[in-house]
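Have a look at the structure below, then the notes.
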Amino acid sequence: MSRLLFQALGLALMCAGCATEPPREPVRPEPAYVQENEECAAKGPPDDSVWGMKFDPRPYGWAQLRFDVESGAVTHIEIIDASPRHVVEAPTMALFQKLRFPSGKSARGCVWSHKWG
């Protein structure tokens with residue numbers, strides 16, 4: 001009987017360990033958003049197709065970045081600030097490398113703030 005009890009207890013502890021995630025790192029408050037310059041504002045809105053990209057594990061937090069746009073394609077991406085940086089830096093870079101602006105215009109020094117859910 002005691003062996004069965006220990007096996008049941010071990011199974012319960014093992015399942016509980018599988019169901020819990022490591023604690024999330026806290027997210028710092030996001031600093032004030034820097035307004036885009038006129039050249040960047042003229043590039044128009046981005047294509048919405050990239051916003052559905054899947055990431056595993058799912059990122060959380062925020063990132064502020066600066067980038068250039070050449071003929072509608074995002075280039076020279078730089079993360080200005082992020083929290084937690086090691087969680088959002090790689091997915092933010094991957095997302096913005098695929099981002100396109102249908103207007104086809106070019107711009108330099110565009111600033112964007114992106115929140116991850």
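Letters for chains follow the order of the structure tokens (A, B, ...), residue numbers begin at 1 for each chain, and ligand numbers begin at 1 in the order shown.
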Legend entry - segment 61-63 of chain A environment, 9 Å, only C-alpha atoms, sequence neighbours closer than 2 positions dropped, as a PyMOL selection string: chain A and resi 26-30+59+65+79-85+87-89+92+112-117
Could you turn the residues from that selection into a file that holds N, CA, C and O atoms, as an mmCIF file, in the first residue's frame?
data_model
loop_
_atom_site.group_PDB
_atom_site.id
_atom_site.type_symbol
_atom_site.label_atom_id
_atom_site.label_comp_id
_atom_site.auth_asym_id
_atom_site.auth_seq_id
_atom_site.Cartn_x
_atom_site.Cartn_y
_atom_site.Cartn_z
ATOM 1 N N PRO A 26 10.513 40.379 -14.837
ATOM 2 C CA PRO A 26 9.675 41.586 -14.862
ATOM 3 C C PRO A 26 9.986 42.469 -16.068
ATOM 4 O O PRO A 26 11.107 42.477 -16.578
ATOM 5 N N VAL A 27 8.972 43.199 -16.515
ATOM 6 C CA VAL A 27 9.098 44.103 -17.654
ATOM 7 C C VAL A 27 9.160 45.533 -17.130
ATOM 8 O O VAL A 27 8.289 45.967 -16.382
ATOM 9 N N ARG A 28 10.227 46.253 -17.519
ATOM 10 C CA ARG A 28 10.341 47.665 -17.123
ATOM 11 C C ARG A 28 9.275 48.489 -17.830
ATOM 12 O O ARG A 28 8.861 48.148 -18.940
ATOM 13 N N PRO A 29 8.853 49.594 -17.226
ATOM 14 C CA PRO A 29 7.925 50.486 -17.932
ATOM 15 C C PRO A 29 8.590 51.021 -19.200
ATOM 16 O O PRO A 29 9.784 51.298 -19.229
ATOM 17 N N GLU A 30 7.784 51.152 -20.237
ATOM 18 C CA GLU A 30 8.294 51.629 -21.516
ATOM 19 C C GLU A 30 8.508 53.138 -21.466
ATOM 20 O O GLU A 30 7.647 53.877 -21.012
ATOM 21 N N PRO A 59 7.023 35.622 -27.110
ATOM 22 C CA PRO A 59 7.677 36.760 -26.454
ATOM 23 C C PRO A 59 6.685 37.613 -25.669
ATOM 24 O O PRO A 59 5.491 37.621 -25.951
ATOM 25 N N LEU A 65 12.790 50.452 -31.563
ATOM 26 C CA LEU A 65 13.846 50.252 -32.526
ATOM 27 C C LEU A 65 13.914 51.376 -33.531
ATOM 28 O O LEU A 65 12.968 52.144 -33.698
ATOM 29 N N ILE A 79 17.985 47.845 -32.216
ATOM 30 C CA ILE A 79 17.156 47.892 -31.012
ATOM 31 C C ILE A 79 17.698 49.024 -30.144
ATOM 32 O O ILE A 79 18.851 48.993 -29.717
ATOM 33 N N ILE A 80 16.873 50.033 -29.885
ATOM 34 C CA ILE A 80 17.273 51.165 -29.047
ATOM 35 C C ILE A 80 17.190 50.771 -27.586
ATOM 36 O O ILE A 80 18.100 50.982 -26.801
ATOM 37 N N ASP A 81 16.060 50.186 -27.198
ATOM 38 C CA ASP A 81 15.819 49.770 -25.824
ATOM 39 C C ASP A 81 14.780 48.661 -25.854
ATOM 40 O O ASP A 81 13.964 48.593 -26.791
ATOM 41 N N ALA A 82 14.785 47.801 -24.858
ATOM 42 C CA ALA A 82 13.825 46.700 -24.799
ATOM 43 C C ALA A 82 13.763 46.156 -23.379
ATOM 44 O O ALA A 82 14.719 46.295 -22.617
ATOM 45 N N SER A 83 12.641 45.523 -23.051
ATOM 46 C CA SER A 83 12.500 44.881 -21.745
ATOM 47 C C SER A 83 11.508 43.738 -21.838
ATOM 48 O O SER A 83 10.411 43.936 -22.359
ATOM 49 N N PRO A 84 11.886 42.584 -21.352
ATOM 50 C CA PRO A 84 13.241 42.107 -21.080
ATOM 51 C C PRO A 84 13.984 41.871 -22.396
ATOM 52 O O PRO A 84 13.477 41.202 -23.283
ATOM 53 N N ARG A 85 15.137 42.469 -22.500
ATOM 54 C CA ARG A 85 15.869 42.519 -23.767
ATOM 55 C C ARG A 85 16.127 41.138 -24.350
ATOM 56 O O ARG A 85 15.915 40.908 -25.537
ATOM 57 N N VAL A 87 14.500 38.510 -24.097
ATOM 58 C CA VAL A 87 13.261 37.838 -24.508
ATOM 59 C C VAL A 87 12.747 38.397 -25.834
ATOM 60 O O VAL A 87 12.280 37.654 -26.683
ATOM 61 N N VAL A 88 12.852 39.705 -26.037
ATOM 62 C CA VAL A 88 12.230 40.335 -27.209
ATOM 63 C C VAL A 88 13.185 40.706 -28.340
ATOM 64 O O VAL A 88 12.736 40.949 -29.460
ATOM 65 N N GLU A 89 14.477 40.714 -28.096
ATOM 66 C CA GLU A 89 15.401 41.186 -29.132
ATOM 67 C C GLU A 89 15.357 40.318 -30.400
ATOM 68 O O GLU A 89 15.158 40.836 -31.503
ATOM 69 N N THR A 92 11.893 40.415 -32.293
ATOM 70 C CA THR A 92 11.668 41.739 -32.865
ATOM 71 C C THR A 92 12.485 41.904 -34.145
ATOM 72 O O THR A 92 11.975 42.379 -35.164
ATOM 73 N N TRP A 112 10.252 53.046 -34.062
ATOM 74 C CA TRP A 112 9.021 52.290 -33.858
ATOM 75 C C TRP A 112 9.035 51.705 -32.452
ATOM 76 O O TRP A 112 10.068 51.297 -31.953
ATOM 77 N N SER A 113 7.877 51.639 -31.844
ATOM 78 C CA SER A 113 7.712 50.984 -30.559
ATOM 79 C C SER A 113 6.800 49.785 -30.757
ATOM 80 O O SER A 113 5.704 49.929 -31.299
ATOM 81 N N HIS A 114 7.266 48.594 -30.373
ATOM 82 C CA HIS A 114 6.477 47.372 -30.566
ATOM 83 C C HIS A 114 6.271 46.672 -29.236
ATOM 84 O O HIS A 114 7.232 46.429 -28.502
ATOM 85 N N LYS A 115 5.010 46.380 -28.924
ATOM 86 C CA LYS A 115 4.683 45.659 -27.687
ATOM 87 C C LYS A 115 4.396 44.201 -28.018
ATOM 88 O O LYS A 115 3.697 43.899 -28.971
ATOM 89 N N TRP A 116 4.960 43.306 -27.225
ATOM 90 C CA TRP A 116 4.710 41.876 -27.355
ATOM 91 C C TRP A 116 3.734 41.456 -26.262
ATOM 92 O O TRP A 116 3.845 41.884 -25.125
ATOM 93 N N GLY A 117 2.757 40.627 -26.618
ATOM 94 C CA GLY A 117 1.723 40.181 -25.681
ATOM 95 C C GLY A 117 2.115 38.982 -24.969
ATOM 96 O O GLY A 117 1.903 38.471 -24.043
#
Legend entry - strand (DSSP E) call set, DSSP backbone run, chain A, as number ranges by chain: A: 61-70, 73-83, 107-116
Legend entry - Best match for closeness to Asp68 of chain A among A:Leu95, A:Ala32, A:Val50, A:Cys40, counting only C-alpha atoms: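 Looking only at the distances to Asp68 of chain A, the closest residue turns out to be A:Cys40.
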Inset, instruction - Would you work out the distance separating atom CA of Pro46 of chain A from atom CA of Arg100 of chain A, expressed in Å to one decimal? - result: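 Separation of atom CA of Pro46 of chain A and atom CA of Arg100 of chain A: 5.7 Å.
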Inset, instruction - Between A:His76, A:Arg24, A:Lys54, A:Lys43, single out the one closest to Phe101 of chain A, counting only C-alpha atoms. - result: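 With only C-alpha atoms as the atom set, the closest residue is A:Lys43.
As for atom CA of Ala107 of chain A and atom CA of Asp48 of chain A, they are spaced 19.0 Å apart.
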Legend entry - Residue nearest Asn37 of chain A - candidates A:Arg66, A:Ser71, A:Ser49, A:Ile77, atoms counted: only C-alpha atoms: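 Going through A:Arg66, A:Ser71, A:Ser49, A:Ile77 one by one, the smallest distance to Asn37 of chain A is for A:Arg66.
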Legend entry - 10 Å contact set for Lys98 of chain A, only C-alpha atoms, chain neighbours under 3 positions out, as an NGL selection string: :A and (47 or 49-51 or 53 or 73-75 or 93-95)
Running DSSP on the backbone, which parts of chain A land in helix (DSSP H, G or I), as a short mmCIF file (atom, residue, chain, number, x, y, z; two decimals) with all heavy atoms, in the first residue's frame?
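And here's result-v1.cif as it stands now:
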data_model
loop_
_atom_site.label_atom_id
_atom_site.label_comp_id
_atom_site.auth_asym_id
_atom_site.auth_seq_id
_atom_site.Cartn_x
_atom_site.Cartn_y
_atom_site.Cartn_z
N SER A 2 1.93 1.27 0.84
CA SER A 2 2.76 2.47 0.90
C SER A 2 3.51 2.70 -0.42
O SER A 2 3.76 3.83 -0.80
CB SER A 2 3.74 2.40 2.07
OG SER A 2 4.65 1.33 1.88
N ARG A 3 3.89 1.61 -1.11
CA ARG A 3 4.56 1.76 -2.39
C ARG A 3 3.64 2.42 -3.40
O ARG A 3 4.05 3.30 -4.16
CB ARG A 3 5.01 0.39 -2.89
CG ARG A 3 5.77 0.50 -4.18
CD ARG A 3 6.35 -0.84 -4.57
NE ARG A 3 7.15 -0.65 -5.77
CZ ARG A 3 7.37 -1.56 -6.65
NH1 ARG A 3 6.86 -2.77 -6.50
NH2 ARG A 3 8.09 -1.32 -7.71
N LEU A 4 2.39 2.03 -3.41
CA LEU A 4 1.40 2.62 -4.31
C LEU A 4 1.20 4.10 -3.98
O LEU A 4 1.10 4.93 -4.88
CB LEU A 4 0.08 1.86 -4.21
CG LEU A 4 -1.02 2.28 -5.16
CD1 LEU A 4 -0.58 2.15 -6.61
CD2 LEU A 4 -2.28 1.48 -4.92
N LEU A 5 1.19 4.43 -2.71
CA LEU A 5 1.03 5.82 -2.27
C LEU A 5 2.22 6.66 -2.73
O LEU A 5 2.05 7.77 -3.24
CB LEU A 5 0.89 5.88 -0.74
CG LEU A 5 0.69 7.26 -0.14
CD1 LEU A 5 -0.60 7.88 -0.64
CD2 LEU A 5 0.68 7.18 1.37
N PHE A 6 3.45 6.14 -2.59
CA PHE A 6 4.64 6.86 -3.03
C PHE A 6 4.65 7.04 -4.55
O PHE A 6 5.06 8.08 -5.06
CB PHE A 6 5.91 6.15 -2.56
CG PHE A 6 6.25 6.42 -1.13
CD1 PHE A 6 6.28 5.40 -0.21
CD2 PHE A 6 6.54 7.71 -0.70
CE1 PHE A 6 6.59 5.63 1.12
CE2 PHE A 6 6.85 7.97 0.62
CZ PHE A 6 6.87 6.93 1.54
N GLN A 7 4.22 6.02 -5.29
CA GLN A 7 4.16 6.13 -6.74
C GLN A 7 3.15 7.20 -7.16
O GLN A 7 3.41 7.99 -8.05
CB GLN A 7 3.78 4.78 -7.37
CG GLN A 7 4.91 3.78 -7.34
CD GLN A 7 4.50 2.43 -7.90
OE1 GLN A 7 3.32 2.11 -7.95
NE2 GLN A 7 5.49 1.64 -8.31
N ALA A 8 1.99 7.22 -6.49
CA ALA A 8 0.97 8.23 -6.80
C ALA A 8 1.48 9.62 -6.47
O ALA A 8 1.28 10.58 -7.23
CB ALA A 8 -0.32 7.93 -6.04
N LEU A 9 2.16 9.75 -5.32
CA LEU A 9 2.72 11.05 -4.92
C LEU A 9 3.80 11.49 -5.92
O LEU A 9 3.84 12.64 -6.33
CB LEU A 9 3.30 10.97 -3.51
CG LEU A 9 3.90 12.24 -2.95
CD1 LEU A 9 2.84 13.34 -2.88
CD2 LEU A 9 4.48 11.99 -1.57
N GLY A 10 4.66 10.57 -6.34
CA GLY A 10 5.70 10.89 -7.32
C GLY A 10 5.11 11.32 -8.64
O GLY A 10 5.56 12.28 -9.27
N LEU A 11 4.06 10.62 -9.09
CA LEU A 11 3.39 10.98 -10.33
C LEU A 11 2.76 12.37 -10.23
O LEU A 11 2.86 13.18 -11.15
CB LEU A 11 2.34 9.93 -10.69
CG LEU A 11 1.58 10.15 -11.98
CD1 LEU A 11 2.54 10.15 -13.17
CD2 LEU A 11 0.51 9.09 -12.16
N ALA A 12 2.13 12.65 -9.09
CA ALA A 12 1.51 13.96 -8.90
C ALA A 12 2.55 15.07 -8.92
O ALA A 12 2.34 16.13 -9.53
CB ALA A 12 0.73 13.98 -7.59
N LEU A 13 3.69 14.86 -8.27
CA LEU A 13 4.75 15.87 -8.26
C LEU A 13 5.35 16.05 -9.65
O LEU A 13 5.66 17.16 -10.06
CB LEU A 13 5.85 15.48 -7.26
CG LEU A 13 5.47 15.61 -5.80
CD1 LEU A 13 6.58 15.03 -4.92
CD2 LEU A 13 5.21 17.05 -5.44
N MET A 14 5.50 14.97 -10.38
CA MET A 14 6.04 15.05 -11.73
C MET A 14 5.10 15.84 -12.64
O MET A 14 5.52 16.70 -13.41
CB MET A 14 6.27 13.65 -12.29
CG MET A 14 7.01 13.65 -13.60
SD MET A 14 7.47 12.00 -14.14
CE MET A 14 5.87 11.31 -14.54
N CYS A 15 3.81 15.57 -12.54
CA CYS A 15 2.84 16.30 -13.37
C CYS A 15 2.77 17.77 -12.99
O CYS A 15 2.65 18.63 -13.85
CB CYS A 15 1.45 15.66 -13.24
SG CYS A 15 1.36 14.04 -14.04
N ALA A 16 2.87 18.05 -11.70
CA ALA A 16 2.84 19.45 -11.26
C ALA A 16 4.05 20.20 -11.80
O ALA A 16 3.95 21.35 -12.20
CB ALA A 16 2.79 19.53 -9.74
N GLY A 17 5.20 19.54 -11.84
CA GLY A 17 6.40 20.17 -12.37
C GLY A 17 6.29 20.45 -13.86
O GLY A 17 6.81 21.44 -14.36
N CYS A 18 5.62 19.61 -14.60
CA CYS A 18 5.46 19.80 -16.04
C CYS A 18 4.50 20.93 -16.35
O CYS A 18 4.59 21.55 -17.39
CB CYS A 18 4.94 18.51 -16.68
SG CYS A 18 6.13 17.17 -16.62
N ALA A 19 3.56 21.16 -15.47
CA ALA A 19 2.51 22.14 -15.74
C ALA A 19 2.91 23.56 -15.37
O ALA A 19 2.22 24.50 -15.73
CB ALA A 19 1.24 21.76 -14.99
N GLU A 38 9.36 63.44 -40.63
CA GLU A 38 8.42 63.55 -41.76
C GLU A 38 8.71 62.52 -42.84
O GLU A 38 7.79 61.96 -43.44
CB GLU A 38 8.47 64.96 -42.35
CG GLU A 38 7.79 66.00 -41.49
CD GLU A 38 7.81 67.37 -42.14
OE1 GLU A 38 7.72 67.45 -43.39
OE2 GLU A 38 7.91 68.36 -41.40
N GLU A 39 9.97 62.26 -43.10
CA GLU A 39 10.35 61.29 -44.13
C GLU A 39 9.81 59.90 -43.77
O GLU A 39 9.27 59.19 -44.63
CB GLU A 39 11.88 61.24 -44.25
CG GLU A 39 12.40 60.28 -45.29
CD GLU A 39 13.92 60.21 -45.30
OE1 GLU A 39 14.58 60.62 -44.33
OE2 GLU A 39 14.44 59.73 -46.32
N CYS A 40 9.91 59.53 -42.50
CA CYS A 40 9.42 58.22 -42.06
C CYS A 40 7.89 58.17 -42.05
O CYS A 40 7.30 57.15 -42.41
CB CYS A 40 9.96 57.88 -40.68
SG CYS A 40 11.72 57.52 -40.71
N ALA A 41 7.27 59.25 -41.66
CA ALA A 41 5.81 59.28 -41.65
C ALA A 41 5.25 59.13 -43.07
O ALA A 41 4.19 58.53 -43.27
CB ALA A 41 5.32 60.57 -41.01
N ASP A 48 0.21 44.27 -43.28
CA ASP A 48 -0.23 43.60 -42.06
C ASP A 48 0.14 42.12 -41.97
O ASP A 48 -0.05 41.51 -40.94
CB ASP A 48 -1.75 43.70 -41.91
CG ASP A 48 -2.20 45.12 -41.59
OD1 ASP A 48 -1.36 45.92 -41.16
OD2 ASP A 48 -3.39 45.40 -41.77
N SER A 49 0.66 41.53 -43.02
CA SER A 49 0.85 40.08 -43.06
C SER A 49 1.83 39.55 -42.02
O SER A 49 1.72 38.41 -41.60
CB SER A 49 1.30 39.64 -44.45
OG SER A 49 2.56 40.19 -44.76
N VAL A 50 2.80 40.34 -41.57
CA VAL A 50 3.81 39.82 -40.62
C VAL A 50 3.31 39.75 -39.19
O VAL A 50 3.88 39.04 -38.37
CB VAL A 50 5.12 40.64 -40.64
CG1 VAL A 50 5.76 40.61 -41.99
CG2 VAL A 50 4.89 42.05 -40.17
N TRP A 51 2.26 40.47 -38.85
CA TRP A 51 1.83 40.52 -37.45
C TRP A 51 1.34 39.17 -36.93
O TRP A 51 1.26 38.95 -35.74
CB TRP A 51 0.76 41.59 -37.24
CG TRP A 51 1.19 42.97 -37.67
CD1 TRP A 51 0.52 43.80 -38.50
CD2 TRP A 51 2.40 43.67 -37.32
NE1 TRP A 51 1.21 44.96 -38.70
CE2 TRP A 51 2.37 44.91 -37.98
CE3 TRP A 51 3.49 43.37 -36.53
CZ2 TRP A 51 3.40 45.85 -37.86
CZ3 TRP A 51 4.52 44.30 -36.42
CH2 TRP A 51 4.46 45.53 -37.08
N GLY A 52 1.03 38.23 -37.82
CA GLY A 52 0.57 36.91 -37.39
C GLY A 52 1.69 35.89 -37.23
O GLY A 52 1.42 34.72 -36.99
N ARG A 85 15.14 42.47 -22.50
CA ARG A 85 15.87 42.52 -23.77
C ARG A 85 16.13 41.14 -24.35
O ARG A 85 15.92 40.91 -25.54
CB ARG A 85 17.18 43.29 -23.59
CG ARG A 85 17.83 43.60 -24.92
CD ARG A 85 19.02 44.54 -24.76
NE ARG A 85 19.44 45.00 -26.07
CZ ARG A 85 19.24 46.21 -26.56
NH1 ARG A 85 18.64 47.11 -25.83
NH2 ARG A 85 19.65 46.53 -27.76
N HIS A 86 16.59 40.19 -23.52
CA HIS A 86 16.93 38.87 -24.06
C HIS A 86 15.69 38.09 -24.51
O HIS A 86 15.80 37.13 -25.26
CB HIS A 86 17.74 38.06 -23.04
CG HIS A 86 16.96 37.62 -21.85
ND1 HIS A 86 16.72 38.44 -20.77
CD2 HIS A 86 16.33 36.47 -21.60
CE1 HIS A 86 15.99 37.79 -19.89
NE2 HIS A 86 15.73 36.59 -20.37
N VAL A 87 14.50 38.51 -24.10
CA VAL A 87 13.26 37.84 -24.51
C VAL A 87 12.75 38.40 -25.83
O VAL A 87 12.28 37.65 -26.68
CB VAL A 87 12.17 37.98 -23.41
CG1 VAL A 87 10.83 37.47 -23.89
CG2 VAL A 87 12.60 37.27 -22.13
N VAL A 88 12.85 39.71 -26.04
CA VAL A 88 12.23 40.34 -27.21
C VAL A 88 13.18 40.71 -28.34
O VAL A 88 12.74 40.95 -29.46
CB VAL A 88 11.42 41.60 -26.81
CG1 VAL A 88 10.31 41.25 -25.86
CG2 VAL A 88 12.31 42.67 -26.24
N GLU A 89 14.48 40.71 -28.10
CA GLU A 89 15.40 41.19 -29.13
C GLU A 89 15.36 40.32 -30.40
O GLU A 89 15.16 40.84 -31.50
CB GLU A 89 16.83 41.25 -28.59
CG GLU A 89 17.78 41.91 -29.56
CD GLU A 89 19.11 42.25 -28.92
OE1 GLU A 89 19.55 41.55 -27.99
OE2 GLU A 89 19.71 43.24 -29.37
N ALA A 90 15.52 39.02 -30.29
CA ALA A 90 15.55 38.15 -31.48
C ALA A 90 14.22 38.14 -32.23
O ALA A 90 14.20 38.30 -33.45
CB ALA A 90 15.98 36.73 -31.09
N PRO A 91 13.06 37.96 -31.54
CA PRO A 91 11.81 37.97 -32.30
C PRO A 91 11.50 39.33 -32.93
O PRO A 91 10.92 39.39 -34.02
CB PRO A 91 10.74 37.56 -31.31
CG PRO A 91 11.35 37.60 -29.97
CD PRO A 91 12.83 37.58 -30.15
N THR A 92 11.89 40.41 -32.29
CA THR A 92 11.67 41.74 -32.87
C THR A 92 12.49 41.90 -34.14
O THR A 92 11.97 42.38 -35.16
CB THR A 92 12.02 42.85 -31.86
OG1 THR A 92 11.21 42.70 -30.69
CG2 THR A 92 11.81 44.23 -32.44
N MET A 93 13.74 41.48 -34.11
CA MET A 93 14.58 41.56 -35.31
C MET A 93 13.98 40.70 -36.43
O MET A 93 13.90 41.14 -37.57
CB MET A 93 16.01 41.10 -34.99
CG MET A 93 16.74 42.02 -34.03
SD MET A 93 17.08 43.64 -34.70
CE MET A 93 18.47 43.29 -35.73
N ALA A 94 13.55 39.48 -36.10
CA ALA A 94 12.97 38.58 -37.11
C ALA A 94 11.71 39.18 -37.73
O ALA A 94 11.50 39.12 -38.94
CB ALA A 94 12.66 37.22 -36.49
N LEU A 95 10.86 39.76 -36.89
CA LEU A 95 9.62 40.35 -37.36
C LEU A 95 9.88 41.54 -38.29
O LEU A 95 9.32 41.62 -39.38
CB LEU A 95 8.77 40.79 -36.16
CG LEU A 95 7.43 41.42 -36.47
CD1 LEU A 95 6.46 40.36 -36.95
CD2 LEU A 95 6.88 42.10 -35.23
N PHE A 96 10.75 42.43 -37.87
CA PHE A 96 10.98 43.65 -38.65
C PHE A 96 11.81 43.39 -39.91
O PHE A 96 11.73 44.16 -40.87
CB PHE A 96 11.57 44.76 -37.78
CG PHE A 96 10.50 45.48 -37.03
CD1 PHE A 96 9.94 44.94 -35.88
CD2 PHE A 96 9.99 46.68 -37.49
CE1 PHE A 96 8.92 45.57 -35.20
CE2 PHE A 96 8.97 47.33 -36.82
CZ PHE A 96 8.43 46.78 -35.67
N GLN A 97 12.59 42.31 -39.96
CA GLN A 97 13.30 41.97 -41.19
C GLN A 97 12.32 41.57 -42.28
O GLN A 97 12.61 41.71 -43.46
CB GLN A 97 14.30 40.84 -40.93
CG GLN A 97 15.52 41.33 -40.18
CD GLN A 97 16.42 40.19 -39.72
OE1 GLN A 97 16.04 39.03 -39.72
NE2 GLN A 97 17.62 40.55 -39.32
N LYS A 98 11.15 41.06 -41.91
CA LYS A 98 10.14 40.64 -42.88
C LYS A 98 9.12 41.74 -43.18
O LYS A 98 8.32 41.61 -44.09
CB LYS A 98 9.41 39.40 -42.36
CG LYS A 98 10.32 38.19 -42.28
CD LYS A 98 9.53 36.96 -41.96
CE LYS A 98 10.40 35.75 -41.84
NZ LYS A 98 11.10 35.37 -43.02
#
Inset, instruction - Find the distance between atom CA of Val34 of chain A and atom CA of Phe55 of chain A and write it in Å to one decimal. - result: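 For atom CA of Val34 of chain A relative to atom CA of Phe55 of chain A, the distance reads 26.9 Å.
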